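Chemist: Compact mmCIF, C-alpha atoms (C1' of nucleotides), saved as query-v1.txt, coming up:
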# COMPACT_ATOMS: atom_id res chain seq x y z
CA MET A 143 17.26 -8.80 0.47
CA ASN A 144 14.18 -6.75 -0.38
CA THR A 145 11.08 -7.65 -2.41
CA LEU A 146 12.58 -6.50 -5.70
CA ALA A 147 15.61 -8.74 -5.08
CA TYR A 148 13.34 -11.77 -4.61
CA GLY A 149 11.38 -10.80 -7.70
CA LEU A 150 14.59 -10.80 -9.75
CA LEU A 151 15.65 -14.11 -8.19
CA GLY A 152 12.29 -15.59 -9.16
CA LEU A 153 12.70 -14.51 -12.76
CA VAL A 154 16.26 -15.81 -13.18
CA ALA A 155 15.27 -19.06 -11.43
CA ARG A 156 12.94 -19.77 -14.36
CA THR A 157 15.00 -18.30 -17.22
CA PRO A 158 18.56 -16.94 -17.03
CA SER A 159 18.37 -13.37 -18.34
CA SER A 160 20.23 -10.09 -18.71
CA GLY A 161 19.49 -7.09 -16.51
CA TYR A 162 17.87 -5.32 -19.42
CA ASP A 163 15.60 -8.28 -20.09
CA LEU A 164 14.71 -8.64 -16.39
CA MET A 165 13.68 -4.99 -16.34
CA LEU A 166 11.29 -5.56 -19.26
CA GLN A 167 9.87 -8.79 -17.86
CA LEU A 168 9.26 -7.24 -14.45
CA GLN A 169 7.73 -3.98 -15.74
CA PRO A 170 4.04 -5.02 -15.79
CA TYR A 171 4.15 -6.37 -12.24
CA TRP A 172 6.73 -4.30 -10.36
CA GLN A 173 7.88 -0.96 -11.72
CA ALA A 174 11.66 -0.70 -11.42
CA LYS A 175 14.09 1.34 -13.50
CA HIS A 176 17.36 -0.05 -14.82
CA SER A 177 19.23 2.24 -12.41
CA GLN A 178 17.76 0.27 -9.54
CA ILE A 179 18.10 -3.16 -11.12
CA TYR A 180 21.75 -3.12 -12.25
CA PRO A 181 23.31 -2.29 -8.87
CA LEU A 182 20.97 -4.79 -7.17
CA LEU A 183 22.01 -7.58 -9.57
CA ALA A 184 25.66 -6.77 -8.88
CA LYS A 185 24.98 -7.02 -5.14
CA LEU A 186 23.09 -10.31 -5.52
CA GLU A 187 25.96 -11.70 -7.54
CA GLN A 188 28.58 -10.57 -5.00
CA GLU A 189 26.61 -12.18 -2.18
CA GLY A 190 26.32 -15.46 -4.08
CA TYR A 191 22.59 -15.55 -4.85
CA MET A 192 23.25 -15.30 -8.60
CA GLN A 193 26.05 -15.81 -11.05
CA PHE A 194 26.54 -14.32 -14.50
CA THR A 195 28.26 -15.15 -17.75
CA ARG A 196 29.26 -12.48 -20.24
CA VAL A 197 27.59 -13.24 -23.57
CA HIS A 198 29.13 -11.72 -26.68
CA GLN A 199 26.78 -10.46 -29.37
CA THR A 200 27.80 -9.19 -32.81
CA ASP A 201 24.77 -7.13 -33.78
CA ARG A 202 24.03 -5.88 -30.27
CA PRO A 203 26.09 -4.87 -27.22
CA ASP A 204 27.44 -7.70 -25.09
CA LYS A 205 25.29 -8.73 -22.14
CA LYS A 206 25.59 -10.31 -18.72
CA VAL A 207 23.29 -13.30 -18.43
CA TYR A 208 22.40 -13.96 -14.80
CA SER A 209 21.35 -17.35 -13.45
CA ILE A 210 20.40 -18.50 -9.95
CA THR A 211 22.80 -20.33 -7.60
CA GLU A 212 21.94 -22.95 -4.99
CA LYS A 213 22.12 -20.30 -2.28
CA GLY A 214 19.71 -18.18 -4.32
CA GLU A 215 17.24 -21.01 -4.71
CA ILE A 216 17.27 -21.74 -0.97
CA ALA A 217 16.66 -18.05 -0.20
CA LEU A 218 13.84 -17.93 -2.75
CA LYS A 219 12.07 -20.94 -1.26
CA LEU A 220 12.35 -19.50 2.26
CA TRP A 221 10.84 -16.23 1.03
CA LEU A 222 7.86 -18.05 -0.50
CA ALA A 223 7.01 -19.59 2.89
CA GLU A 224 7.22 -16.25 4.75
CA PRO A 225 4.09 -14.16 5.32
CA THR A 226 3.32 -11.93 2.34
CA ALA A 227 3.27 -8.14 2.70
CA GLU A 228 0.04 -6.32 1.91
CA PRO A 229 -0.10 -4.68 -1.51
CA VAL A 230 0.72 -0.97 -1.88
CA ILE A 231 -1.35 1.05 -4.33
CA ARG A 232 -0.63 4.69 -5.03
CA ASP A 233 -3.08 6.14 -7.50
CA GLU A 234 -3.13 9.89 -8.06
CA LEU A 235 -6.56 9.59 -9.72
CA VAL A 236 -8.11 8.46 -6.43
CA LEU A 237 -6.77 11.55 -4.64
CA LYS A 238 -8.04 13.75 -7.47
CA ALA A 239 -11.43 12.04 -7.38
CA TYR A 240 -11.76 13.18 -3.79
CA CYS A 241 -11.53 16.83 -4.96
CA LEU A 242 -14.01 16.44 -7.82
CA GLN A 243 -16.27 19.19 -6.48
CA LEU A 244 -13.45 21.75 -6.90
CA THR A 245 -13.25 21.31 -10.67
CA ASP A 246 -15.52 21.64 -13.70
CA GLU A 247 -17.24 18.73 -15.46
CA LYS A 248 -14.96 18.94 -18.46
CA ALA A 249 -11.77 18.41 -16.44
CA ALA A 250 -13.49 15.76 -14.35
CA ARG A 251 -14.56 13.81 -17.41
CA ALA A 252 -11.07 14.15 -18.97
CA MET A 253 -9.46 12.60 -15.88
CA PHE A 254 -11.55 9.44 -16.12
CA THR A 255 -11.58 9.10 -19.92
CA GLU A 256 -7.76 9.33 -19.97
CA ARG A 257 -7.54 6.58 -17.37
CA ILE A 258 -9.98 4.43 -19.31
CA GLU A 259 -7.82 4.82 -22.41
CA HIS A 260 -4.71 3.83 -20.46
CA CYS A 261 -6.41 0.75 -19.01
CA ARG A 262 -7.78 -0.26 -22.38
CA GLU A 263 -4.26 -0.22 -23.87
CA GLN A 264 -2.80 -2.16 -20.95
CA ALA A 265 -5.60 -4.72 -21.00
CA GLU A 266 -5.12 -5.19 -24.73
CA SER A 267 -1.39 -5.74 -24.19
CA PHE A 268 -2.01 -8.38 -21.50
CA MET A 269 -4.60 -10.07 -23.73
CA HIS A 270 -2.20 -10.04 -26.68
CA ILE A 271 0.54 -11.82 -24.72
CA MET A 272 -2.00 -14.39 -23.50
CA GLN A 273 -3.15 -15.13 -27.03
CA GLU A 274 0.45 -15.56 -28.20
CA MET A 275 1.07 -17.90 -25.29
CA GLU A 276 -1.93 -20.07 -26.12
CA GLN A 277 -0.67 -20.55 -29.68
CA GLN A 278 2.89 -21.37 -28.61
CA THR A 279 1.85 -24.01 -26.09
CA ASP A 280 0.59 -26.36 -28.83
CA GLY A 281 -3.07 -25.71 -28.05
CA LYS A 282 -2.81 -26.97 -24.47
CA HIS A 283 -4.51 -24.46 -22.20
CA PRO A 284 -2.06 -23.28 -19.49
CA ASP A 285 -4.68 -23.37 -16.73
CA HIS A 286 -3.13 -26.46 -15.13
CA PRO A 287 -0.62 -25.94 -12.28
CA ASP A 288 1.81 -28.38 -13.91
CA HIS A 289 1.82 -26.52 -17.22
CA SER A 290 5.11 -24.65 -17.72
CA ALA A 291 3.29 -21.41 -18.49
CA PHE A 292 0.86 -21.65 -15.56
CA SER A 293 2.37 -18.83 -13.50
CA ASP A 294 2.64 -16.57 -16.56
CA TYR A 295 -1.01 -17.30 -17.25
CA ILE A 296 -2.23 -16.39 -13.75
CA LEU A 297 -0.13 -13.21 -13.71
CA LEU A 298 -1.45 -12.10 -17.09
CA THR A 299 -4.98 -12.79 -15.89
CA TRP A 300 -4.28 -10.70 -12.80
CA GLY A 301 -3.12 -7.78 -14.94
CA TYR A 302 -5.99 -8.06 -17.38
CA ARG A 303 -8.62 -8.24 -14.65
CA ARG A 304 -7.16 -5.28 -12.77
CA MET A 305 -7.36 -3.15 -15.90
CA GLN A 306 -10.90 -4.25 -16.60
CA GLU A 307 -11.99 -3.45 -13.06
CA ASP A 308 -10.30 -0.03 -13.09
CA MET A 309 -12.04 0.80 -16.39
CA LYS A 310 -15.41 -0.29 -15.04
CA TRP A 311 -15.04 1.98 -12.02
CA CYS A 312 -14.11 4.96 -14.22
CA GLU A 313 -17.07 4.29 -16.51
CA TRP A 314 -19.35 4.02 -13.48
CA VAL A 315 -18.13 7.42 -12.21
CA LEU A 316 -18.58 8.96 -15.68
CA GLY A 317 -22.12 7.59 -15.72
CA LEU A 318 -22.91 9.22 -12.37
CA LEU A 319 -21.46 12.53 -13.60
CA GLU A 320 -23.63 12.39 -16.75
CA LYS A 321 -26.73 11.46 -14.77
CA GLY A 322 -26.05 14.31 -12.31
CA LYS A 323 -25.64 16.81 -15.13
CA ALA A 324 -28.93 15.67 -16.74
CA ASP A 325 -30.77 16.05 -13.41
CA THR A 326 -29.73 19.68 -12.85
CA GLU A 327 -30.78 20.75 -16.37
CA MET B 102 4.81 19.80 -4.25
CA ASN B 103 4.41 16.05 -4.62
CA THR B 104 1.30 13.86 -4.87
CA LEU B 105 1.04 13.34 -1.13
CA ALA B 106 1.13 17.12 -0.62
CA TYR B 107 -1.81 17.56 -3.01
CA GLY B 108 -3.64 14.72 -1.30
CA LEU B 109 -3.30 16.49 2.06
CA LEU B 110 -4.36 19.79 0.48
CA GLY B 111 -7.43 18.07 -0.92
CA LEU B 112 -8.40 16.72 2.50
CA VAL B 113 -7.96 20.01 4.38
CA ALA B 114 -9.81 21.85 1.58
CA ARG B 115 -12.92 19.87 2.52
CA THR B 116 -12.47 19.63 6.29
CA PRO B 117 -9.79 21.38 8.40
CA SER B 118 -8.02 18.60 10.30
CA SER B 119 -5.04 17.73 12.46
CA GLY B 120 -2.03 15.85 11.09
CA TYR B 121 -3.05 12.79 13.04
CA ASP B 122 -6.55 12.88 11.59
CA LEU B 123 -5.23 13.44 8.05
CA MET B 124 -3.04 10.37 8.42
CA LEU B 125 -6.06 8.25 9.36
CA GLN B 126 -8.29 9.67 6.61
CA LEU B 127 -5.62 9.13 3.95
CA GLN B 128 -4.67 5.60 5.06
CA PRO B 129 -7.08 3.59 2.85
CA TYR B 130 -6.11 5.49 -0.31
CA TRP B 131 -2.47 6.50 0.10
CA GLN B 132 -0.29 4.80 2.70
CA ALA B 133 1.76 7.43 4.52
CA LYS B 134 3.19 7.34 8.03
CA HIS B 135 2.95 10.23 10.47
CA SER B 136 6.72 10.73 10.13
CA GLN B 137 6.18 11.70 6.50
CA ILE B 138 3.01 13.75 7.05
CA TYR B 139 4.09 16.04 9.91
CA PRO B 140 7.19 17.50 8.22
CA LEU B 141 5.24 17.89 4.96
CA LEU B 142 2.44 19.80 6.70
CA ALA B 143 5.03 22.09 8.29
CA LYS B 144 6.54 22.73 4.86
CA LEU B 145 3.13 23.40 3.28
CA GLU B 146 2.34 25.83 6.08
CA GLN B 147 5.69 27.63 5.72
CA GLU B 148 5.14 28.00 1.99
CA GLY B 149 1.66 29.42 2.49
CA TYR B 150 -0.50 26.58 1.11
CA MET B 151 -2.03 25.90 4.52
CA GLN B 152 -2.43 27.61 7.88
CA PHE B 153 -2.98 26.11 11.30
CA THR B 154 -4.56 27.03 14.60
CA ARG B 155 -3.53 25.36 17.84
CA VAL B 156 -6.61 23.79 19.44
CA HIS B 157 -6.48 23.11 23.15
CA GLN B 158 -8.06 19.90 24.43
CA THR B 159 -8.52 18.90 28.06
CA ASP B 160 -8.86 15.12 27.83
CA ARG B 161 -6.44 14.73 24.90
CA PRO B 162 -3.17 16.37 23.78
CA ASP B 163 -3.49 19.73 22.04
CA LYS B 164 -3.61 19.61 18.26
CA LYS B 165 -2.78 21.75 15.24
CA VAL B 166 -5.81 22.08 12.99
CA TYR B 167 -4.72 22.82 9.42
CA SER B 168 -6.92 24.61 6.88
CA ILE B 169 -6.31 25.56 3.27
CA THR B 170 -5.30 29.08 2.16
CA GLU B 171 -6.17 30.85 -1.09
CA LYS B 172 -2.74 29.96 -2.47
CA GLY B 173 -3.38 26.34 -1.56
CA GLU B 174 -6.75 26.30 -3.28
CA ILE B 175 -5.26 27.76 -6.48
CA ALA B 176 -2.47 25.14 -6.46
CA LEU B 177 -5.02 22.37 -5.86
CA LYS B 178 -7.18 23.45 -8.80
CA LEU B 179 -4.15 23.64 -11.10
CA TRP B 180 -3.12 20.11 -10.05
CA LEU B 181 -6.59 18.75 -10.87
CA ALA B 182 -6.28 20.02 -14.45
CA GLU B 183 -2.79 18.51 -14.96
CA PRO B 184 -2.40 15.06 -16.53
CA THR B 185 -2.73 12.27 -13.96
CA ALA B 186 0.16 9.90 -13.26
CA GLU B 187 -0.41 6.21 -13.87
CA PRO B 188 -1.10 4.14 -10.75
CA VAL B 189 1.73 2.26 -9.05
CA ILE B 190 0.97 -1.18 -7.65
CA ARG B 191 3.54 -3.18 -5.72
CA ASP B 192 2.17 -6.53 -4.66
CA GLU B 193 4.55 -9.12 -3.25
CA LEU B 194 1.91 -11.82 -3.82
CA VAL B 195 2.14 -11.35 -7.59
CA LEU B 196 5.92 -11.90 -7.50
CA LYS B 197 5.42 -14.97 -5.32
CA ALA B 198 2.72 -16.29 -7.65
CA TYR B 199 5.31 -16.30 -10.41
CA CYS B 200 7.40 -18.81 -8.39
CA LEU B 201 4.48 -21.08 -7.52
CA GLN B 202 6.17 -24.11 -9.08
CA LEU B 203 9.03 -23.86 -6.57
CA THR B 204 6.82 -24.43 -3.55
CA ASP B 205 4.42 -27.06 -2.21
CA GLU B 206 0.62 -26.89 -2.50
CA LYS B 207 0.20 -26.19 1.19
CA ALA B 208 2.33 -23.03 1.13
CA ALA B 209 0.76 -22.00 -2.18
CA ARG B 210 -2.74 -22.32 -0.78
CA ALA B 211 -1.76 -20.45 2.42
CA MET B 212 -0.51 -17.48 0.37
CA PHE B 213 -3.84 -17.00 -1.36
CA THR B 214 -6.12 -17.81 1.58
CA GLU B 215 -4.27 -15.24 3.72
CA ARG B 216 -4.76 -12.62 1.04
CA ILE B 217 -8.45 -13.49 0.73
CA GLU B 218 -8.84 -13.01 4.46
CA HIS B 219 -7.11 -9.64 4.31
CA CYS B 220 -9.31 -8.49 1.40
CA ARG B 221 -12.46 -9.70 3.13
CA GLU B 222 -11.64 -7.60 6.20
CA GLN B 223 -10.82 -4.54 4.13
CA ALA B 224 -13.95 -4.91 1.99
CA GLU B 225 -16.05 -5.23 5.14
CA SER B 226 -14.48 -2.06 6.53
CA PHE B 227 -15.23 -0.10 3.33
CA MET B 228 -18.80 -1.45 3.31
CA HIS B 229 -19.26 -0.53 6.95
CA ILE B 230 -18.26 3.10 6.36
CA MET B 231 -20.62 3.25 3.35
CA GLN B 232 -23.55 1.98 5.40
CA GLU B 233 -22.86 4.52 8.14
CA MET B 234 -22.70 7.27 5.51
CA GLU B 235 -26.06 6.29 4.00
CA GLN B 236 -27.74 6.56 7.41
CA GLN B 237 -26.14 9.91 8.25
CA THR B 238 -27.16 11.53 4.96
CA ASP B 239 -30.87 11.40 5.88
CA GLY B 240 -31.64 8.59 3.46
CA LYS B 241 -30.51 10.54 0.39
CA HIS B 242 -28.29 8.30 -1.71
CA PRO B 243 -24.88 9.98 -2.27
CA ASP B 244 -24.66 8.87 -5.90
CA HIS B 245 -25.35 12.41 -7.17
CA PRO B 246 -22.32 14.63 -8.00
CA ASP B 247 -23.85 17.52 -6.03
CA HIS B 248 -24.26 15.45 -2.88
CA SER B 249 -21.73 16.51 -0.23
CA ALA B 250 -20.60 12.90 0.28
CA PHE B 251 -20.33 12.06 -3.43
CA SER B 252 -16.51 11.87 -3.54
CA ASP B 253 -16.40 9.82 -0.33
CA TYR B 254 -18.93 7.49 -1.92
CA ILE B 255 -16.97 6.95 -5.13
CA LEU B 256 -13.70 6.40 -3.21
CA LEU B 257 -15.31 3.87 -0.90
CA THR B 258 -16.76 2.08 -3.90
CA TRP B 259 -13.29 2.06 -5.48
CA GLY B 260 -11.82 0.44 -2.39
CA TYR B 261 -14.59 -2.08 -2.00
CA ARG B 262 -14.46 -3.13 -5.65
CA ARG B 263 -10.68 -3.50 -5.59
CA MET B 264 -10.88 -5.84 -2.62
CA GLN B 265 -13.67 -7.86 -4.24
CA GLU B 266 -11.68 -8.22 -7.46
CA ASP B 267 -8.48 -9.22 -5.65
CA MET B 268 -10.42 -11.85 -3.68
CA LYS B 269 -12.00 -13.24 -6.84
CA TRP B 270 -8.59 -13.63 -8.48
CA CYS B 271 -7.19 -15.46 -5.44
CA GLU B 272 -10.23 -17.74 -5.35
CA TRP B 273 -9.84 -18.42 -9.07
CA VAL B 274 -6.17 -19.40 -8.55
CA LEU B 275 -7.11 -21.62 -5.59
CA GLY B 276 -9.70 -23.30 -7.81
CA LEU B 277 -7.10 -24.03 -10.49
CA LEU B 278 -4.73 -25.45 -7.86
CA GLU B 279 -7.48 -27.74 -6.53
CA LYS B 280 -8.47 -28.84 -10.02
CA GLY B 281 -4.82 -29.56 -10.89
CA LYS B 282 -4.35 -31.60 -7.75
CA ALA B 283 -7.48 -33.67 -8.51
CA ASP B 284 -6.25 -34.34 -12.06
CA THR B 285 -2.89 -35.78 -11.01
CA GLU B 286 -4.45 -38.17 -8.47
C1' DT C 291 0.23 -1.63 35.39
C1' DA C 292 0.42 -2.60 30.85
C1' DG C 293 -1.54 -1.55 26.56
C1' DT C 294 -4.14 1.38 23.33
C1' DG C 295 -5.42 5.77 21.33
C1' DC C 296 -4.47 10.65 20.65
C1' DA C 297 -1.00 13.89 19.38
C1' DT C 298 3.46 15.63 17.56
C1' DG C 299 7.94 15.56 16.21
C1' DT C 300 13.16 14.05 14.58
C1' DA C 301 16.90 10.94 12.65
C1' DA C 302 18.74 7.32 10.06
C1' DG C 303 18.39 4.40 6.45
C1' DC C 304 16.37 2.01 2.52
C1' DA C 305 13.69 2.22 -1.89
C1' DG C 306 12.79 4.42 -6.03
C1' DT C 307 13.20 8.27 -9.64
C1' DT C 308 15.59 11.41 -12.55
C1' DA C 309 19.50 12.70 -14.70
C1' DC C 310 24.14 11.93 -16.46
C1' DA C 311 27.07 8.93 -19.36
C1' DT C 312 28.48 5.78 -23.25
C1' DG C 313 28.06 3.31 -27.58
C1' DA C 314 26.54 0.14 -31.33
C1' DT C 315 22.78 -1.16 -34.68
C1' DT C 316 18.54 -0.67 -37.19
C1' DG C 317 14.65 1.43 -39.21
C1' DA C 318 11.95 5.60 -40.65
C1' DT D 149 19.93 11.96 -39.99
C1' DC D 150 17.11 11.38 -36.19
C1' DA D 151 14.89 8.38 -33.13
C1' DA D 152 14.41 3.92 -31.11
C1' DT D 153 16.15 -0.46 -29.23
C1' DC D 154 19.69 -2.98 -26.86
C1' DA D 155 22.91 -2.82 -23.16
C1' DT D 156 25.22 -1.28 -18.80
C1' DG D 157 26.47 1.62 -15.40
C1' DT D 158 26.86 5.89 -11.69
C1' DA D 159 25.31 10.13 -9.03
C1' DA D 160 22.10 13.00 -6.94
C1' DC D 161 17.93 13.42 -5.21
C1' DT D 162 13.17 12.55 -3.51
C1' DG D 163 9.94 9.48 -1.25
C1' DC D 164 8.99 6.30 2.22
C1' DT D 165 9.85 3.27 6.34
C1' DT D 166 11.63 2.21 10.79
C1' DA D 167 13.13 3.59 14.93
C1' DC D 168 13.73 6.98 18.55
C1' DA D 169 11.41 10.29 21.62
C1' DT D 170 7.71 12.35 24.68
C1' DG D 171 3.43 12.58 27.27
C1' DC D 172 -1.42 12.39 28.83
C1' DA D 173 -5.96 9.81 29.39
C1' DC D 174 -8.50 5.78 29.48
C1' DT D 175 -9.35 0.91 29.91
C1' DA D 176 -8.51 -4.10 30.78
Could you express the structure from this file as structure tokens?
Modeler:
Amino acid sequence: MNTLAYGLLGLVARTPSSGYDLMLQLQPYWQAKHSQIYPLLAKLEQEGYMQFTRVHQTDRPDKKVYSITEKGEIALKLWLAEPTAEPVIRDELVLKAYCLQLTDEKAARAMFTERIEHCREQAESFMHIMQEMEQQTDGKHPDHPDHSAFSDYILLTWGYRRMQEDMKWCEWVLGLLEKGKADTE
Amino acid sequence: MNTLAYGLLGLVARTPSSGYDLMLQLQPYWQAKHSQIYPLLAKLEQEGYMQFTRVHQTDRPDKKVYSITEKGEIALKLWLAEPTAEPVIRDELVLKAYCLQLTDEKAARAMFTERIEHCREQAESFMHIMQEMEQQTDGKHPDHPDHSAFSDYILLTWGYRRMQEDMKWCEWVLGLLEKGKADTE
DNA sequence: TAGTGCATGTAAGCAGTTACATGATTGA
DNA sequence: TCAATCATGTAACTGCTTACATGCACTA
């Protein structure tokens, strides 16, 4: 049982889903390819944490819809009470930023503007899902812990904020680069 | 040549260092254990990207001090101009936050307060290094791209801001949990 | 004398990515 | 007709972690 396994358990505990769907749902919060997810789901099913039913579809390929078992729910609750691992961040841009003096201003600026663009898109995507959610939940704001969409809401906020913060840092660096260039002229 | 390899190249390009020292320098920005770094350094040396000199020490074990070669510098500059990979974040807390409804308020609060404590410590550590740096650089603020400590300064700022932002999100969630509890009473 | 820091390395295993493989439907 | 989306899987490989292994100097 690794972190990804618990993540999948957490998703199916809320809504029974296919492997393909789990992959898409998990994407913004834990990057995992289908080649990692499918064998793990099979293992979780064999060990009794999940069960699946084959669902026939006419317009699309058939799918396996996984749902949590009692054993799975117990394991999930135990995991929640365990100490949480520290986050791991691996950002190539940070390593490149350390070598900024080795490159020209043009390449330096490109690095940060590309990242800003990426963050802007991601932030927009998070915001879009949040707006959809607010409309679906009959106007009730999901900021209450008892609201069914509460956890979705705090996760989306997490994603949105992270993107905003990353953008701000890049813009701050770009500002310093511009200021530095102006000084030497 | 993977990202970690370029990260190590970037560090030795600035200051020739031992494997042990590189591990410590890299720690806040790219988590890598010594068992991954030592074989990689050996490979980079064999392939001509780095060279090392054995430095004898009396009070401590001898060390291998690695420095960059011409080939290494060329490779490093090419890497800087290549498109940058998107960051990877794997945070167990986010996956746990999704399952918040499955646990009690006490465990939920513990999750976020522990993270806040961790971030506070990390932020303090980043801030401490920044303050030391400002004193060493004879009062000159390292916010200019030509300053020798400019890249260190922007990386430290990155780390500090990330910790601040993570803390704020946790505090925001804790606030919502408190508010929700008060409402149901 | 037990633990921490400095210093380097290997081996085994788990986690994650890339590539290979198949096949239907829908839209451009 | 070509690409994309849905849907599931395996194989090979790279990246990363944990554990094993050694050894000296300093400090509590």
Chemist: Between A:Trp314, A:Tyr148, A:Tyr180, A:Tyr171, which is the closest to chain D once you count only C-alpha atoms (C1' of nucleotides)?
Modeler: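 Of A:Trp314, A:Tyr148, A:Tyr180, A:Tyr171, the one nearest chain D, counting only C-alpha atoms (C1' of nucleotides), is A:Tyr180.
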Chemist: Which residues are near region 169-174 of chain D? Cut-off 10 Å, only C-alpha atoms (C1' of nucleotides), ignore same chain within fewer than 2 positions. Put them as a PyMOL selection string.
Modeler: (chain B and resi 159-162) or (chain C and resi 294-300) or (chain D and resi 167+176)
Chemist: With all atoms listed in the file counted and 12 Å as the cut-off, give the residues of chain C in contact with chain A, each with its shortest interatomic distance in Å and the pair that gives it, as JSON lines.
Modeler:
{"residue": "C:DC304", "atom": "C1'", "partner": "A:Asn144", "partner_atom": "CA", "distance": 9.5}
{"residue": "C:DA305", "atom": "C1'", "partner": "A:Gln178", "partner_atom": "CA", "distance": 8.9}
{"residue": "C:DG306", "atom": "C1'", "partner": "A:Gln178", "partner_atom": "CA", "distance": 7.4}
{"residue": "C:DT307", "atom": "C1'", "partner": "A:Lys175", "partner_atom": "CA", "distance": 8.0}
{"residue": "C:DT308", "atom": "C1'", "partner": "A:Ser177", "partner_atom": "CA", "distance": 9.9}
{"residue": "C:DA309", "atom": "C1'", "partner": "A:Ser177", "partner_atom": "CA", "distance": 10.7}
{"residue": "C:DC310", "atom": "C1'", "partner": "A:Ser177", "partner_atom": "CA", "distance": 11.6}
{"residue": "C:DT312", "atom": "C1'", "partner": "A:Pro203", "partner_atom": "CA", "distance": 11.6}
{"residue": "C:DG313", "atom": "C1'", "partner": "A:Pro203", "partner_atom": "CA", "distance": 8.4}
{"residue": "C:DA314", "atom": "C1'", "partner": "A:Pro203", "partner_atom": "CA", "distance": 6.5}
{"residue": "C:DT315", "atom": "C1'", "partner": "A:Asp201", "partner_atom": "CA", "distance": 6.4}
{"residue": "C:DT316", "atom": "C1'", "partner": "A:Asp201", "partner_atom": "CA", "distance": 9.6}
Chemist: Just want the 8 Å neighbourhood of Ala106 (chain B), counted on only C-alpha atoms (C1' of nucleotides), with same-chain residues fewer than 2 positions away dropped. Output as a PyMOL selection string.
Modeler: chain B and resi 102-104+108-110+141-142+145
Chemist: To one decimal place in Å, what is the distance between CA of Ser160 (chain A) and C1' of DA151 (chain D)?
Modeler: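 Spanning CA of Ser160 (chain A) to C1' of DA151 (chain D) is a straight-line distance of 24.0 Å.
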Chemist: CA of Arg262 (chain B) to CA of Trp300 (chain A): how many Å, to one decimal?
Modeler: 14.6 Å
Chemist: Please provide the set of residues having any atom within 10 Å of Ser249 (chain B), restricted to only C-alpha atoms (C1' of nucleotides), with same-chain residues fewer than 6 positions apart removed, written as a list in words.
Modeler: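 Skipping anything fewer than 6 positions along the chain leaves Gln243 of chain A; Arg115, Thr238 and Pro243 of chain B.
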Chemist: Restricting the calculation to all atoms listed in the file, which member of A:Glu256, A:Asp163, A:Glu224, A:Glu212 is positioned closest to chain D?
Modeler: A:Asp163
Chemist: As a list in words, could you give me every residue of chain A near chain B (at most 6 Å apart, counting only C-alpha atoms)?
Modeler: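 Close enough to count are Gly149, Gly152, Trp172, Pro229, Val230, Ile231, Arg232, Asp233, Leu237, Tyr240, Cys241, His286, Pro287, Ser293 and Gly322 of chain A.
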Chemist: Just to confirm, what's the straight-line distance from CA of Val207 (chain A) to CA of Gly161 (chain A) in Å (one decimal)?
Modeler: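 Separating CA of Val207 (chain A) from CA of Gly161 (chain A) is a distance of 7.5 Å.
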